[in-house]
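Asks: Quick one: the structure is below, and I'll ask about it shortly.
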Amino acid sequence: MTDAERAEQIMRFIYALRSKGVTDANVLRAMERIDRGAFVRGTFAARAYEDTPLPIACGQTISQPSVVALMTEALEVTPRDKVLEVGTGSGYQAAILSQLARRVYTVERHRPLVAEARATFDRLGLTNIIAMAADGSYGLPEQAPFDRILVTAAAEDPPGPLKQQLRIGGIMIVPVGQSDAVQTLVKVRRTESGFEYDELRPVRFVPLLEGMARE
């Protein structure tokens, strides 16, 4: 692919994000800087710039770029923030967050995905991401509290352990729903007096499971 073709591909990619309602300039710049193609393997590599979820290893998916962008936008990340991502997957979402936050911790129950994501982060020179194999439903209490938490798997309710690891004034974005078909993206904001909840949009994610996966 020539430089001109690559530039046109990126331009179309960003245009597609804008057409889906992504307006935050910082998020769009992050989506432009991080090459989604670096996170898609094998036969699906040619479709890396389509606005569609794609299969990855361990029966998981890399999320639709417009959903990644809209979730990131809703998280309102600032350069001082320490962010927890639950569900590393390919590592694409963590890479986007790394362009906006001070530090990103990302946890994943599938060890092979963690190893692959770490290798990709190293290749891309993303030094402010710490990826580890852990049961994300319990968060990462030893690093809490977090300014922002992003969950990339659907829970029946916003998980209690994650809510408690959110700093006062912090924001969590989490898909909530009891079935694969009906889920809603929820924005949780921790206040001095408790938690505020806003429903954002319908989404579809794999379920949030407890325990480590058996590979």
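Ordering of the structure tokens sets the chain letters (A, B, ...), residue numbers begin anew at 1 in every chain, and ligands are numbered from 1 in the order given.
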Residues at most 9 Å from Gly177 (chain A), counting only C-alpha atoms, excluding those fewer than 6 positions away in the same chain, as an NGL selection string?

Replies: :A and (154-157 or 183-185 or 207)

Asks: Given the selection you just returned, output its residues as a file containing C-alpha atoms, formatted as a CSV table (one decimal), in the first residue's frame.

Replies:
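Output file out_12.csv is given in full below:
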chain,number,residue,atom,x,y,z
A,154,ALA,CA,-21.5,-6.9,29.6
A,155,ALA,CA,-22.5,-7.3,33.2
A,156,GLU,CA,-26.0,-7.8,34.6
A,157,ASP,CA,-25.4,-4.7,36.8
A,183,GLN,CA,-27.6,-4.5,26.4
A,184,THR,CA,-27.2,-0.8,27.3
A,185,LEU,CA,-24.1,1.3,27.7
A,207,PRO,CA,-20.6,-11.3,28.8

Asks: Just the residues within 9 Å of region 74-80 of chain A, please, counting only C-alpha atoms, with nothing from its chain fewer than 5 positions along; format it as a list of chain:residue names.

Replies: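 Close residues of region 74-80 of chain A: A:Ala69, A:Leu97, A:Gln99, A:Leu100, A:Ala101, A:Arg102, A:Arg103, A:Asp147, A:Arg148, A:Ile149, A:Leu150, A:Ile171, A:Met172, A:Ile173, A:Lys187, A:Leu200.
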
Asks: Grab the residues selected above and save them as a short mmCIF file (atom, residue, chain, number, x, y, z; two decimals), in the first residue's frame with N, CA and C atoms.

Replies:
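Now in again_4.cif:
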data_model
loop_
_atom_site.label_atom_id
_atom_site.label_comp_id
_atom_site.auth_asym_id
_atom_site.auth_seq_id
_atom_site.Cartn_x
_atom_site.Cartn_y
_atom_site.Cartn_z
N ALA A 69 -14.72 4.39 19.89
CA ALA A 69 -14.60 5.85 19.94
C ALA A 69 -15.67 6.48 20.82
N LEU A 97 -6.84 4.44 24.63
CA LEU A 97 -6.83 5.12 25.93
C LEU A 97 -5.43 5.63 26.28
N GLN A 99 -3.36 7.05 24.52
CA GLN A 99 -3.09 8.33 23.87
C GLN A 99 -3.71 9.50 24.64
N LEU A 100 -4.59 9.19 25.59
CA LEU A 100 -5.36 10.23 26.28
C LEU A 100 -5.08 10.30 27.77
N ALA A 101 -4.62 9.19 28.36
CA ALA A 101 -4.48 9.08 29.81
C ALA A 101 -3.01 9.09 30.23
N ARG A 102 -2.79 9.28 31.53
CA ARG A 102 -1.42 9.19 32.08
C ARG A 102 -0.94 7.75 32.09
N ARG A 103 -1.82 6.85 32.57
CA ARG A 103 -1.46 5.43 32.63
C ARG A 103 -2.72 4.59 32.47
N ASP A 147 -9.29 6.89 38.22
CA ASP A 147 -10.05 8.06 37.77
C ASP A 147 -11.13 7.66 36.77
N ARG A 148 -10.81 6.64 35.97
CA ARG A 148 -11.74 6.17 34.93
C ARG A 148 -11.65 4.66 34.86
N ILE A 149 -12.81 4.01 34.63
CA ILE A 149 -12.85 2.56 34.42
C ILE A 149 -13.70 2.30 33.18
N LEU A 150 -13.18 1.47 32.29
CA LEU A 150 -13.90 1.09 31.07
C LEU A 150 -14.03 -0.43 31.04
N ILE A 171 -15.42 8.28 36.61
CA ILE A 171 -16.44 7.81 35.66
C ILE A 171 -16.12 6.38 35.26
N MET A 172 -17.17 5.56 35.19
CA MET A 172 -17.07 4.21 34.63
C MET A 172 -18.06 4.07 33.48
N ILE A 173 -17.60 3.45 32.40
CA ILE A 173 -18.47 3.10 31.28
C ILE A 173 -18.56 1.59 31.23
N LYS A 187 -23.23 4.94 31.85
CA LYS A 187 -22.19 5.81 32.40
C LYS A 187 -22.44 5.97 33.89
N LEU A 200 -26.70 5.37 27.86
CA LEU A 200 -26.18 6.07 26.69
C LEU A 200 -26.72 5.55 25.36
#

Asks: Between A:Gly170, A:Gly136, A:Gly21, A:Pro145, which one has atoms that come closest to Met212 (chain A), using only C-alpha atoms?

Replies: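 For Met212 (chain A), the nearest of the candidates is A:Gly136.
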
Asks: Find the residues near Leu162 (chain A): any atom within 8 Å, counting only C-alpha atoms, skip ones fewer than 6 places away on the same chain, and give them as a ChimeraX atom specification.

Replies: /A:137-139,149

Asks: Please produce a file of those selected residues containing N, CA and C atoms, as a tab-separated table (two decimals), in the first residue's frame.

Replies:
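What ended up in again-v6.tsv:
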chain	number	residue	atom	x	y	z
A	137	SER	N	-13.58	-9.03	36.79
A	137	SER	CA	-14.82	-8.73	37.52
A	137	SER	C	-14.53	-8.20	38.93
A	138	TYR	N	-13.30	-8.45	39.41
A	138	TYR	CA	-12.88	-7.93	40.72
A	138	TYR	C	-12.00	-6.69	40.59
A	139	GLY	N	-11.78	-6.25	39.36
A	139	GLY	CA	-10.98	-5.06	39.15
A	139	GLY	C	-9.52	-5.30	39.46
A	149	ILE	N	-12.81	4.01	34.63
A	149	ILE	CA	-12.85	2.56	34.42
A	149	ILE	C	-13.70	2.30	33.18

Asks: From a backbone DSSP assignment, name each residue in chain A labelled helix (DSSP H, G or I), as a VMD selection string.

Replies: chain A and resid 3 to 19 25 to 33 36 to 39 42 to 47 57 to 59 65 to 75 92 to 98 111 to 124 136 to 138 141 to 143 160 to 164

Asks: Which distance in Å separates CA of Ala181 (chain A) and CA of Ser90 (chain A), to one decimal?

Replies: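 For CA of Ala181 (chain A) relative to CA of Ser90 (chain A), the distance reads 22.5 Å.
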
Asks: Kindly indicate which residue among A:Val67, A:Ile62, A:Ala213, A:Met31 lies nearest to Pro175 (chain A), using only C-alpha atoms for the distances.

Replies: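 Comparing A:Val67, A:Ile62, A:Ala213, A:Met31 against Pro175 (chain A), the winner is A:Val67.
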
Asks: Can you list, as an MDAnalysis selection string, every protein, DNA or RNA residue that comes within 12 Å of region 8-11 of chain A when you count only C-alpha atoms, leaving out same-chain residues fewer than 3 positions away?

Replies: chainID A and resid 1:5 14:18 28:37 46:50

Asks: Mind giving me the straight-line distance from CA of Ala95 (chain A) to CA of Gln143 (chain A) in Å, one decimal?

Replies: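 About the pair CA of Ala95 (chain A) and CA of Gln143 (chain A): they are 19.2 Å apart.
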
Asks: So that I can see what lies close to Pro141 (chain A), please list as a VMD selection string the residues with an atom at most 10 Å from it, counting only C-alpha atoms and leaving out residues fewer than 6 positions away in the same chain.

Replies: chain A and resid 161 to 162 164 to 165

Asks: Using N, CA and C atoms, can you write the selected residues to a file as a PDB file, in the first residue's frame?

Replies:
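Now in part_4.pdb:
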ATOM      1  N   PRO A 161     -17.460  -4.342  42.936  1.00  0.00           N
ATOM      2  CA  PRO A 161     -16.029  -4.131  43.191  1.00  0.00           C
ATOM      3  C   PRO A 161     -15.434  -3.019  42.324  1.00  0.00           C
ATOM      4  N   LEU A 162     -15.907  -2.914  41.088  1.00  0.00           N
ATOM      5  CA  LEU A 162     -15.388  -1.871  40.200  1.00  0.00           C
ATOM      6  C   LEU A 162     -15.878  -0.492  40.638  1.00  0.00           C
ATOM      7  N   GLN A 164     -16.482   0.433  43.618  1.00  0.00           N
ATOM      8  CA  GLN A 164     -15.752   0.833  44.821  1.00  0.00           C
ATOM      9  C   GLN A 164     -14.312   1.244  44.511  1.00  0.00           C
ATOM     10  N   GLN A 165     -13.799   0.837  43.351  1.00  0.00           N
ATOM     11  CA  GLN A 165     -12.427   1.195  42.961  1.00  0.00           C
ATOM     12  C   GLN A 165     -12.387   2.488  42.159  1.00  0.00           C
TER      13      GLN A 165
END

Asks: Please identify all polymer residues within 12 Å of Arg109 (chain A), counting only C-alpha atoms, omitting same-chain residues fewer than 3 positions from it, and present them as a PDB file with C-alpha atoms, in the first residue's frame.

Replies:
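What follows is the written file around12.pdb:
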ATOM      1  CA  CYS A  58      -9.960 -17.194  22.332  1.00  0.00           C
ATOM      2  CA  GLN A  60     -13.370 -12.954  21.567  1.00  0.00           C
ATOM      3  CA  VAL A  86     -11.530  -4.634  32.057  1.00  0.00           C
ATOM      4  CA  GLY A  87     -11.244  -6.935  29.048  1.00  0.00           C
ATOM      5  CA  THR A  88      -8.013  -6.323  27.122  1.00  0.00           C
ATOM      6  CA  GLY A  89      -8.988  -8.451  24.129  1.00  0.00           C
ATOM      7  CA  THR A 106      -5.761  -3.413  31.417  1.00  0.00           C
ATOM      8  CA  PRO A 112      -2.805 -15.738  25.392  1.00  0.00           C
ATOM      9  CA  LEU A 113      -4.585 -12.461  24.628  1.00  0.00           C
ATOM     10  CA  VAL A 114      -2.538 -10.651  27.278  1.00  0.00           C
ATOM     11  CA  ALA A 115       0.715 -11.971  25.794  1.00  0.00           C
ATOM     12  CA  ALA A 131      -1.431  -5.415  30.781  1.00  0.00           C
ATOM     13  CA  MET A 132      -1.959  -8.371  33.089  1.00  0.00           C
ATOM     14  CA  ALA A 133      -3.884 -11.621  33.314  1.00  0.00           C
ATOM     15  CA  ALA A 134      -6.510 -11.264  36.052  1.00  0.00           C
ATOM     16  CA  ASP A 135     -10.193 -11.747  36.830  1.00  0.00           C
ATOM     17  CA  GLY A 136     -11.500  -8.379  35.721  1.00  0.00           C
ATOM     18  CA  SER A 137     -14.819  -8.733  37.522  1.00  0.00           C
ATOM     19  CA  TYR A 138     -12.885  -7.929  40.722  1.00  0.00           C
ATOM     20  CA  GLY A 139     -10.983  -5.058  39.151  1.00  0.00           C
ATOM     21  CA  ALA A 153     -17.846  -6.987  28.504  1.00  0.00           C
ATOM     22  CA  LEU A 208     -18.346 -10.424  31.726  1.00  0.00           C
ATOM     23  CA  LEU A 209     -17.296 -13.760  33.254  1.00  0.00           C
ATOM     24  CA  GLU A 210     -15.723 -14.459  36.621  1.00  0.00           C
ATOM     25  CA  GLY A 211     -12.538 -16.480  36.970  1.00  0.00           C
ATOM     26  CA  MET A 212      -9.574 -17.077  34.697  1.00  0.00           C
ATOM     27  CA  ALA A 213     -10.139 -18.823  31.356  1.00  0.00           C
ATOM     28  CA  ARG A 214      -8.771 -22.325  30.837  1.00  0.00           C
ATOM     29  CA  GLU A 215      -6.599 -22.093  27.722  1.00  0.00           C
TER      30      GLU A 215
END

Asks: Name the residues in contact with Arg190 (chain A) at a cut-off of 8 Å, using only C-alpha atoms, excluding same-chain residues fewer than 4 positions from it; report them as an mmCIF file with N, CA and C atoms, in the first residue's frame.

Replies:
data_model
loop_
_atom_site.group_PDB
_atom_site.id
_atom_site.type_symbol
_atom_site.label_atom_id
_atom_site.label_comp_id
_atom_site.auth_asym_id
_atom_site.auth_seq_id
_atom_site.Cartn_x
_atom_site.Cartn_y
_atom_site.Cartn_z
ATOM 1 N N LYS A 163 -17.130 -0.413 41.049
ATOM 2 C CA LYS A 163 -17.658 0.870 41.525
ATOM 3 C C LYS A 163 -16.857 1.368 42.723
ATOM 4 N N LEU A 166 -13.537 3.118 42.002
ATOM 5 C CA LEU A 166 -13.635 4.373 41.266
ATOM 6 C C LEU A 166 -13.440 5.540 42.239
ATOM 7 N N ARG A 167 -12.554 6.441 41.888
ATOM 8 C CA ARG A 167 -12.306 7.625 42.710
ATOM 9 C C ARG A 167 -13.558 8.514 42.745
ATOM 10 N N ILE A 168 -13.788 9.229 43.823
ATOM 11 C CA ILE A 168 -14.887 10.198 43.860
ATOM 12 C C ILE A 168 -14.650 11.236 42.760
ATOM 13 N N GLY A 169 -15.672 11.454 41.950
ATOM 14 C CA GLY A 169 -15.542 12.284 40.760
ATOM 15 C C GLY A 169 -15.205 11.480 39.521
ATOM 16 N N GLY A 170 -14.919 10.190 39.711
ATOM 17 C CA GLY A 170 -14.537 9.326 38.593
ATOM 18 C C GLY A 170 -15.725 8.839 37.780
ATOM 19 N N ILE A 171 -15.417 8.278 36.607
ATOM 20 C CA ILE A 171 -16.436 7.813 35.660
ATOM 21 C C ILE A 171 -16.125 6.384 35.258
ATOM 22 N N GLY A 194 -22.723 9.154 46.498
ATOM 23 C CA GLY A 194 -23.089 7.855 45.936
ATOM 24 C C GLY A 194 -22.728 7.755 44.462
ATOM 25 N N PHE A 195 -23.655 7.184 43.676
ATOM 26 C CA PHE A 195 -23.393 6.951 42.259
ATOM 27 C C PHE A 195 -24.558 7.477 41.420
ATOM 28 N N GLU A 196 -24.225 8.087 40.294
ATOM 29 C CA GLU A 196 -25.225 8.528 39.329
ATOM 30 C C GLU A 196 -25.093 7.670 38.073
#

Asks: Have a look at CA of Ala45 (chain A) and CA of Thr61 (chain A) and let me know their distance in Å, one decimal.

Replies: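 Straight-line distance from CA of Ala45 (chain A) to CA of Thr61 (chain A) works out to 13.1 Å.
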
Asks: May I ask which of the residues A:Phe146, A:Lys20, A:Ser98, A:Phe205 is the closest one to Thr127 (chain A), counting only C-alpha atoms?

Replies: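 Going through A:Phe146, A:Lys20, A:Ser98, A:Phe205 one by one, the smallest distance to Thr127 (chain A) is for A:Ser98.
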
Asks: Taking the DSSP assignment computed from this structure's backbone, write out as a PyMOL selection string all residues of region 14-147 of chain A that belong to strand (DSSP E).

Replies: chain A and resi 54-55+61-62+82-86+103-108+129-133+146-147

Asks: For the selection just defined, write its residues with C-alpha atoms to a file, as a PDB file, in the first residue's frame.

Replies:
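So the final result, stored in out_24.pdb, reads:
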ATOM      1  CA  LEU A  54     -14.057  -8.775  14.021  1.00  0.00           C
ATOM      2  CA  PRO A  55     -13.130 -12.152  15.562  1.00  0.00           C
ATOM      3  CA  THR A  61     -13.830  -9.939  19.278  1.00  0.00           C
ATOM      4  CA  ILE A  62     -12.181  -6.614  18.536  1.00  0.00           C
ATOM      5  CA  LYS A  82      -5.196   6.626  35.741  1.00  0.00           C
ATOM      6  CA  VAL A  83      -7.510   4.298  33.806  1.00  0.00           C
ATOM      7  CA  LEU A  84      -8.546   0.675  34.346  1.00  0.00           C
ATOM      8  CA  GLU A  85      -9.797  -1.317  31.373  1.00  0.00           C
ATOM      9  CA  VAL A  86     -11.530  -4.634  32.057  1.00  0.00           C
ATOM     10  CA  ARG A 103      -1.463   5.431  32.629  1.00  0.00           C
ATOM     11  CA  VAL A 104      -3.668   2.540  31.550  1.00  0.00           C
ATOM     12  CA  TYR A 105      -4.038  -0.727  33.453  1.00  0.00           C
ATOM     13  CA  THR A 106      -5.761  -3.413  31.417  1.00  0.00           C
ATOM     14  CA  VAL A 107      -6.775  -6.866  32.669  1.00  0.00           C
ATOM     15  CA  GLU A 108      -7.870  -9.944  30.745  1.00  0.00           C
ATOM     16  CA  ILE A 129       0.038   0.528  29.371  1.00  0.00           C
ATOM     17  CA  ILE A 130       0.315  -2.247  31.959  1.00  0.00           C
ATOM     18  CA  ALA A 131      -1.431  -5.415  30.781  1.00  0.00           C
ATOM     19  CA  MET A 132      -1.959  -8.371  33.089  1.00  0.00           C
ATOM     20  CA  ALA A 133      -3.884 -11.621  33.314  1.00  0.00           C
ATOM     21  CA  PHE A 146      -8.961   4.820  39.399  1.00  0.00           C
ATOM     22  CA  ASP A 147     -10.047   8.060  37.773  1.00  0.00           C
TER      23      ASP A 147
END
